[in-house]
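Structure record follows, encoded as structure tokens.
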Amino acid sequence: MLLQRLSEARGVSGNEDEVRAILIEEIRPYVDDWKVDSIGNLIATVRPKQEHGVAHRVLVTAHMDEVGLMVVHIEKNGLLRFRPVGGIDPRILPGKRVLVGRDRLPGVIGLKPIHLLTAEEEKQVVKVEQMCVDIGAKDRDDAASVVRVGDVATFATAFLQQGKTLIGKAFDDRAGCAVLAELVKERYEVELVAAFTVQEEVGLRGAQVAAYAVEPEIGIALEGTICDDLPRKEDQTPVTRLGHGPAVTVMDRTVISDRRLVELVLRTAQAEGIPCQIKGPGLGGTDAGAIHLSRRGVPSVAVATPARYIHTPVSVMNLDDLEHTVALMKAVLHRLHSDFPWGER
Amino acid sequence: MDIGALLRELSEASGVSGYEEEVRGRVAEAIRPYVDDLRHDAMGNLIALRQGVGPEPRRKVMLAGHMDEIGLIVTRIEKGFLHFSQVGGYDVRVLPGQEVLVHGVSLLPGVVAARPPHVLGEEERQKVPRMDELLIDVGLPPEEVESRVRVGDLVTLRVPYQALRGERAAGKAFDDRAAVVAIAACLEELTRLRHTWDVYAVATVQEEVGLRGATTSAYGIAPDLAIAVDVTHGDMPGVAEWDAVELGKGPAISVGPNIHPKVYEALVETARRYEIPYQVDPFPGRSGTDAWAIQVSRSGVPTGLLGIPLRYMHNPVETLDLADIRRTARLMALFVSRLDEIDLTR
């Protein structure tokens, strides 16, 4: 399964090479053209079915990068001090396993044992500054022989499938990458430009330059998005629900989606009998935030597969949701040419 | 003996206090070649006998390391998610985002839910969650969860053994499977040494919930002398130098009221004579190990305690140096071979 390879590949923002290599190999037989730009985006083109005079250009993105850690200092005793890359709740770091640097050096983040904690300490959140990655090095020289300041680390999480349940890391946004890699296997009336972007987690930076270079008429960001459907006391939005199909963004922190695109996606889902949900408005941000502000503006929308526990070492996703996202987006791309009011506003 | 391979096998096996059958089977297979008898008692302690060569009636030395591990237990099922409590003492702070194995009708992988940072308010971020606020997600529809998981089912952390640099390794339940490995390696070493005493090697149960297995096994064996092996806090950030020993510097020989002074002296003397690096680990009172229970078994047992240095105790990524296990095993074996030389009079 492509998602397994993508999930287990390592691509902390700015270090997306492993993920990109897998994707190049996967899409190369299907796309008409591909290139890697200066920031590291993989941009591929699928030409339209027929050469209309007016093949509209649609940019669909999925980001390759994931949140992780960066080594900032090596202690005398060989332990590594680090800082998060992207949004990580420090409370999920203790007791986790990581892989450091290109050579996948195994390390662990251990906490002072509970036996030695004061009552006060037990109630305190451990700060990132108090944690270290332990690679088993004897001392600084030993550690420095295999790790450099600036090396990045990912969570060491193996992919696991149990029936329809998918368990693994970085579904935000390898889910989107897996979907996009499927979309390029068909031709549409529109010209599809697929951009596998970099550095989304540190500010939508890959999408910004990709959108500028591609100059699309429409932008669609594919995501693995927040799913907060745990049972809770208060009546809070779950944002999305697992198993209820792809989620369409109406509004998040970075974009107010083009209403016509939202309606087109919902209409397509209904026509095709594909389950679909609207993402609880407000939270998160996607590449659509950068794309819709490109040049003079690009009508954009985000469509995502729900994933529980994103930005933690292990996320949970539903296979049906993933497959429904592929089916829905293929249908949307097929309909765009005739179903979207091109040129109007 | 491949110490790393055995530690991997035992670490990855399940054996929460009171449910040690799986790990016990693996320990039994590992030590079977080196012992004359293997049995388990009513509590589930695995008791192996390796006979000495002295004339009968032979004296008995007990070597004890506990095979149980801390774990979680399902307390309630809500909309397909599992509420849980713990068996033994976890630091709740290591649990969010952890992969688990639910021991239900069949084994079910799952995760301890950790809500994404996007949805967390500032107040929430500053809070250590209470265990009863955490949930386990097995990713199945509620009906299926209800049919496959029951209240009271155990949950272990799904953490693979991880070799680190040099001879260091990380994993779960090194407390106290590392000691069980040391005892297994000691039994193998004893096949090359002459010992007059009978050796009772015990993988004890329910240490984490109150030294219960050591209590009954020590009574049953009635040893003339005992050595308990456990892990002891290794150096790490945030822990005072005087509260920890160093990784890779050899076994920590305990001293204090829990320890018979002559046993302590003999262990130190043995380490020195055979040039085995060692450290001293002072316990001013309760050692919190099987040694505490064994010392007061029946009319009292002269007891020693060896500690394998271990960082991040009761984390799922406990970290140690395999060389320390090997040295603990060797020190113990040499000590056993010299038991006739020890004068225990106080």
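Going by the structure tokens order, chains are called A, B, ..., each with residues numbered from 1, while ligands are numbered from 1 in the order shown.
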
Any chance you could tabulate, as JSON lines, the residues of chain A at most 7 Å from chain B with each one's nearest atom pair and distance in Å to one decimal, using only C-alpha atoms, in chain and rising number order?
{"residue": "A:Gly87", "atom": "CA", "partner": "B:Pro117", "partner_atom": "CA", "distance": 6.8}
{"residue": "A:Ile88", "atom": "CA", "partner": "B:Pro117", "partner_atom": "CA", "distance": 6.4}
{"residue": "A:Asp89", "atom": "CA", "partner": "B:Pro117", "partner_atom": "CA", "distance": 5.5}
{"residue": "A:Arg91", "atom": "CA", "partner": "B:Arg93", "partner_atom": "CA", "distance": 6.9}
{"residue": "A:Ile92", "atom": "CA", "partner": "B:Pro96", "partner_atom": "CA", "distance": 5.6}
{"residue": "A:Pro94", "atom": "CA", "partner": "B:Val94", "partner_atom": "CA", "distance": 5.0}
{"residue": "A:Gly95", "atom": "CA", "partner": "B:Val94", "partner_atom": "CA", "distance": 5.0}
{"residue": "A:Lys96", "atom": "CA", "partner": "B:Val317", "partner_atom": "CA", "distance": 6.9}
{"residue": "A:Pro106", "atom": "CA", "partner": "B:Leu164", "partner_atom": "CA", "distance": 6.0}
{"residue": "A:Gly107", "atom": "CA", "partner": "B:Leu164", "partner_atom": "CA", "distance": 6.7}
{"residue": "A:Val108", "atom": "CA", "partner": "B:Val317", "partner_atom": "CA", "distance": 6.3}
{"residue": "A:Gly110", "atom": "CA", "partner": "B:Tyr312", "partner_atom": "CA", "distance": 5.2}
{"residue": "A:Leu111", "atom": "CA", "partner": "B:Tyr312", "partner_atom": "CA", "distance": 5.4}
{"residue": "A:Lys112", "atom": "CA", "partner": "B:Tyr312", "partner_atom": "CA", "distance": 5.5}
{"residue": "A:Pro113", "atom": "CA", "partner": "B:Met313", "partner_atom": "CA", "distance": 5.0}
{"residue": "A:Ile114", "atom": "CA", "partner": "B:Asp91", "partner_atom": "CA", "distance": 5.6}
{"residue": "A:Lys123", "atom": "CA", "partner": "B:Val128", "partner_atom": "CA", "distance": 5.9}
{"residue": "A:Gln124", "atom": "CA", "partner": "B:Val128", "partner_atom": "CA", "distance": 6.3}
{"residue": "A:Val125", "atom": "CA", "partner": "B:Val128", "partner_atom": "CA", "distance": 5.6}
{"residue": "A:Ile135", "atom": "CA", "partner": "B:Leu164", "partner_atom": "CA", "distance": 5.7}
{"residue": "A:Gly136", "atom": "CA", "partner": "B:Arg165", "partner_atom": "CA", "distance": 4.8}
{"residue": "A:Ala137", "atom": "CA", "partner": "B:Arg165", "partner_atom": "CA", "distance": 5.8}
{"residue": "A:Thr165", "atom": "CA", "partner": "B:Gly139", "partner_atom": "CA", "distance": 5.6}
{"residue": "A:Asp228", "atom": "CA", "partner": "B:Arg115", "partner_atom": "CA", "distance": 6.7}
{"residue": "A:Pro231", "atom": "CA", "partner": "B:Lys79", "partner_atom": "CA", "distance": 6.7}
{"residue": "A:Leu283", "atom": "CA", "partner": "B:His118", "partner_atom": "CA", "distance": 6.6}
{"residue": "A:Gly284", "atom": "CA", "partner": "B:His118", "partner_atom": "CA", "distance": 6.1}
{"residue": "A:Tyr309", "atom": "CA", "partner": "B:Pro116", "partner_atom": "CA", "distance": 5.2}
{"residue": "A:Ile310", "atom": "CA", "partner": "B:Pro116", "partner_atom": "CA", "distance": 5.5}
{"residue": "A:His311", "atom": "CA", "partner": "B:Pro116", "partner_atom": "CA", "distance": 6.0}
{"residue": "A:Thr312", "atom": "CA", "partner": "B:Gly97", "partner_atom": "CA", "distance": 6.1}
{"residue": "A:Pro313", "atom": "CA", "partner": "B:Gly97", "partner_atom": "CA", "distance": 5.9}
{"residue": "A:Val314", "atom": "CA", "partner": "B:Gly97", "partner_atom": "CA", "distance": 6.2}
{"residue": "A:Val316", "atom": "CA", "partner": "B:Gly139", "partner_atom": "CA", "distance": 6.8}

Check segment 98-188 of chain A with DSSP on the backbone and list each residue it calls alpha helix (DSSP H), as a compact mmCIF listing (two decimals) with N, CA and C atoms, in the first residue's frame.
# COMPACT_ATOMS: atom_id res chain seq x y z
N ALA A 119 5.46 15.69 44.43
CA ALA A 119 4.03 15.82 44.13
C ALA A 119 3.81 17.01 43.19
N GLU A 120 4.60 18.04 43.43
CA GLU A 120 4.53 19.24 42.59
C GLU A 120 4.87 18.91 41.13
N GLU A 121 5.98 18.17 40.96
CA GLU A 121 6.45 17.84 39.61
C GLU A 121 5.44 16.99 38.85
N GLU A 122 4.74 16.10 39.57
CA GLU A 122 3.78 15.22 38.91
C GLU A 122 2.67 16.00 38.22
N ARG A 140 29.53 13.25 24.53
CA ARG A 140 29.33 14.19 23.41
C ARG A 140 30.07 13.74 22.15
N ASP A 141 31.32 13.30 22.30
CA ASP A 141 32.08 12.90 21.12
C ASP A 141 31.42 11.73 20.40
N ASP A 142 30.96 10.79 21.21
CA ASP A 142 30.30 9.61 20.64
C ASP A 142 29.06 10.05 19.87
N ALA A 143 28.28 10.93 20.45
CA ALA A 143 27.06 11.40 19.78
C ALA A 143 27.40 12.22 18.54
N ALA A 144 28.41 13.09 18.67
CA ALA A 144 28.75 13.99 17.57
C ALA A 144 29.33 13.23 16.38
N PHE A 171 -0.14 11.00 8.71
CA PHE A 171 -1.28 10.96 7.78
C PHE A 171 -1.62 12.38 7.33
N ASP A 172 -1.25 13.36 8.17
CA ASP A 172 -1.26 14.76 7.78
C ASP A 172 0.14 15.06 7.23
N ASP A 173 0.44 14.96 5.93
CA ASP A 173 -0.54 14.90 4.89
C ASP A 173 -0.20 13.81 3.89
N ARG A 174 0.34 12.70 4.37
CA ARG A 174 0.61 11.62 3.42
C ARG A 174 -0.69 11.06 2.90
N ALA A 175 -1.80 11.26 3.64
CA ALA A 175 -3.11 10.87 3.12
C ALA A 175 -3.37 11.65 1.84
N GLY A 176 -3.15 12.96 1.90
CA GLY A 176 -3.34 13.79 0.71
C GLY A 176 -2.42 13.38 -0.42
N CYS A 177 -1.17 13.06 -0.09
CA CYS A 177 -0.20 12.64 -1.10
C CYS A 177 -0.68 11.35 -1.79
N ALA A 178 -1.19 10.41 -0.97
CA ALA A 178 -1.66 9.13 -1.51
C ALA A 178 -2.85 9.37 -2.44
N VAL A 179 -3.74 10.28 -2.05
CA VAL A 179 -4.91 10.58 -2.88
C VAL A 179 -4.46 11.23 -4.19
N LEU A 180 -3.58 12.21 -4.09
CA LEU A 180 -3.13 12.94 -5.28
C LEU A 180 -2.40 12.01 -6.25
N ALA A 181 -1.63 11.06 -5.70
CA ALA A 181 -0.91 10.11 -6.55
C ALA A 181 -1.89 9.23 -7.33
N GLU A 182 -3.11 9.05 -6.80
CA GLU A 182 -4.15 8.32 -7.54
C GLU A 182 -4.79 9.21 -8.61
N LEU A 183 -4.98 10.48 -8.28
CA LEU A 183 -5.68 11.38 -9.20
C LEU A 183 -4.94 11.54 -10.53

**Item:** In segment 111-160 of chain A, DSSP strand (DSSP E or B) residues written as a PyMOL selection string
**Value:** chain A and resi 133-134+152-155+160

Let me see the file: selected residues, C-alpha atoms, as a short mmCIF file (atom, residue, chain, number, x, y, z; two decimals), in the first residue's frame.
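Saved to out_9.cif:
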data_model
loop_
_atom_site.label_atom_id
_atom_site.label_comp_id
_atom_site.auth_asym_id
_atom_site.auth_seq_id
_atom_site.Cartn_x
_atom_site.Cartn_y
_atom_site.Cartn_z
CA VAL A 133 16.69 12.48 22.87
CA ASP A 134 18.84 9.60 24.10
CA VAL A 152 15.88 16.38 12.21
CA ALA A 153 14.02 13.54 13.88
CA THR A 154 10.68 11.90 13.18
CA PHE A 155 8.53 9.68 15.33
CA LEU A 160 -0.45 -0.88 10.74
#

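Proximity to Asp252 of chain A was assessed for A:Val301, A:Ile220, A:Ala213, A:Leu204 counting only C-alpha atoms; the smallest distance is recorded for A:Val301.
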
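Atom CA of Leu310 of chain B is positioned 23.2 Å from atom CA of Met62 of chain B.
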
**Request:** Give me, please, the distance in Å between atom CA of Asp132 of chain B and atom CA of Glu20 of chain B, quoted to one decimal.
**Result:** 25.3 Å

At a cut-off of 9 Å, using only C-alpha atoms, what residues contact Arg327 of chain B? Leave out same-chain residues fewer than 2 positions from it and give the result as a JSON list (two decimals) with C-alpha atoms, in the first residue's frame.
[["chain", "number", "residue", "atom", "x", "y", "z"],
["B", 182, "ALA", "CA", 20.84, -11.56, 34.07],
["B", 250, "GLY", "CA", 28.62, -2.15, 36.08],
["B", 251, "PRO", "CA", 26.06, -3.52, 38.55],
["B", 276, "ILE", "CA", 34.15, -6.62, 37.50],
["B", 277, "PRO", "CA", 33.28, -2.92, 37.51],
["B", 278, "TYR", "CA", 30.62, -2.14, 40.11],
["B", 322, "LEU", "CA", 23.70, -4.62, 27.94],
["B", 323, "ALA", "CA", 27.23, -4.74, 29.37],
["B", 324, "ASP", "CA", 25.72, -4.05, 32.79],
["B", 325, "ILE", "CA", 23.45, -7.11, 32.47],
["B", 329, "ALA", "CA", 25.24, -12.15, 35.61],
["B", 330, "ARG", "CA", 28.95, -12.82, 35.96],
["B", 331, "LEU", "CA", 29.19, -11.26, 39.40],
["B", 332, "MET", "CA", 26.22, -13.30, 40.57]]

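Using only C-alpha atoms for every distance, the candidate list B:Glu122, B:Asp176, B:Glu188, B:Asp41 yields B:Glu188 as the residue closest to Arg326 of chain B.
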
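Distances to Val262 of chain A were evaluated for A:Leu242, A:Val190, A:Ile43, A:Val332 using only C-alpha atoms, and the minimum falls at A:Val332.
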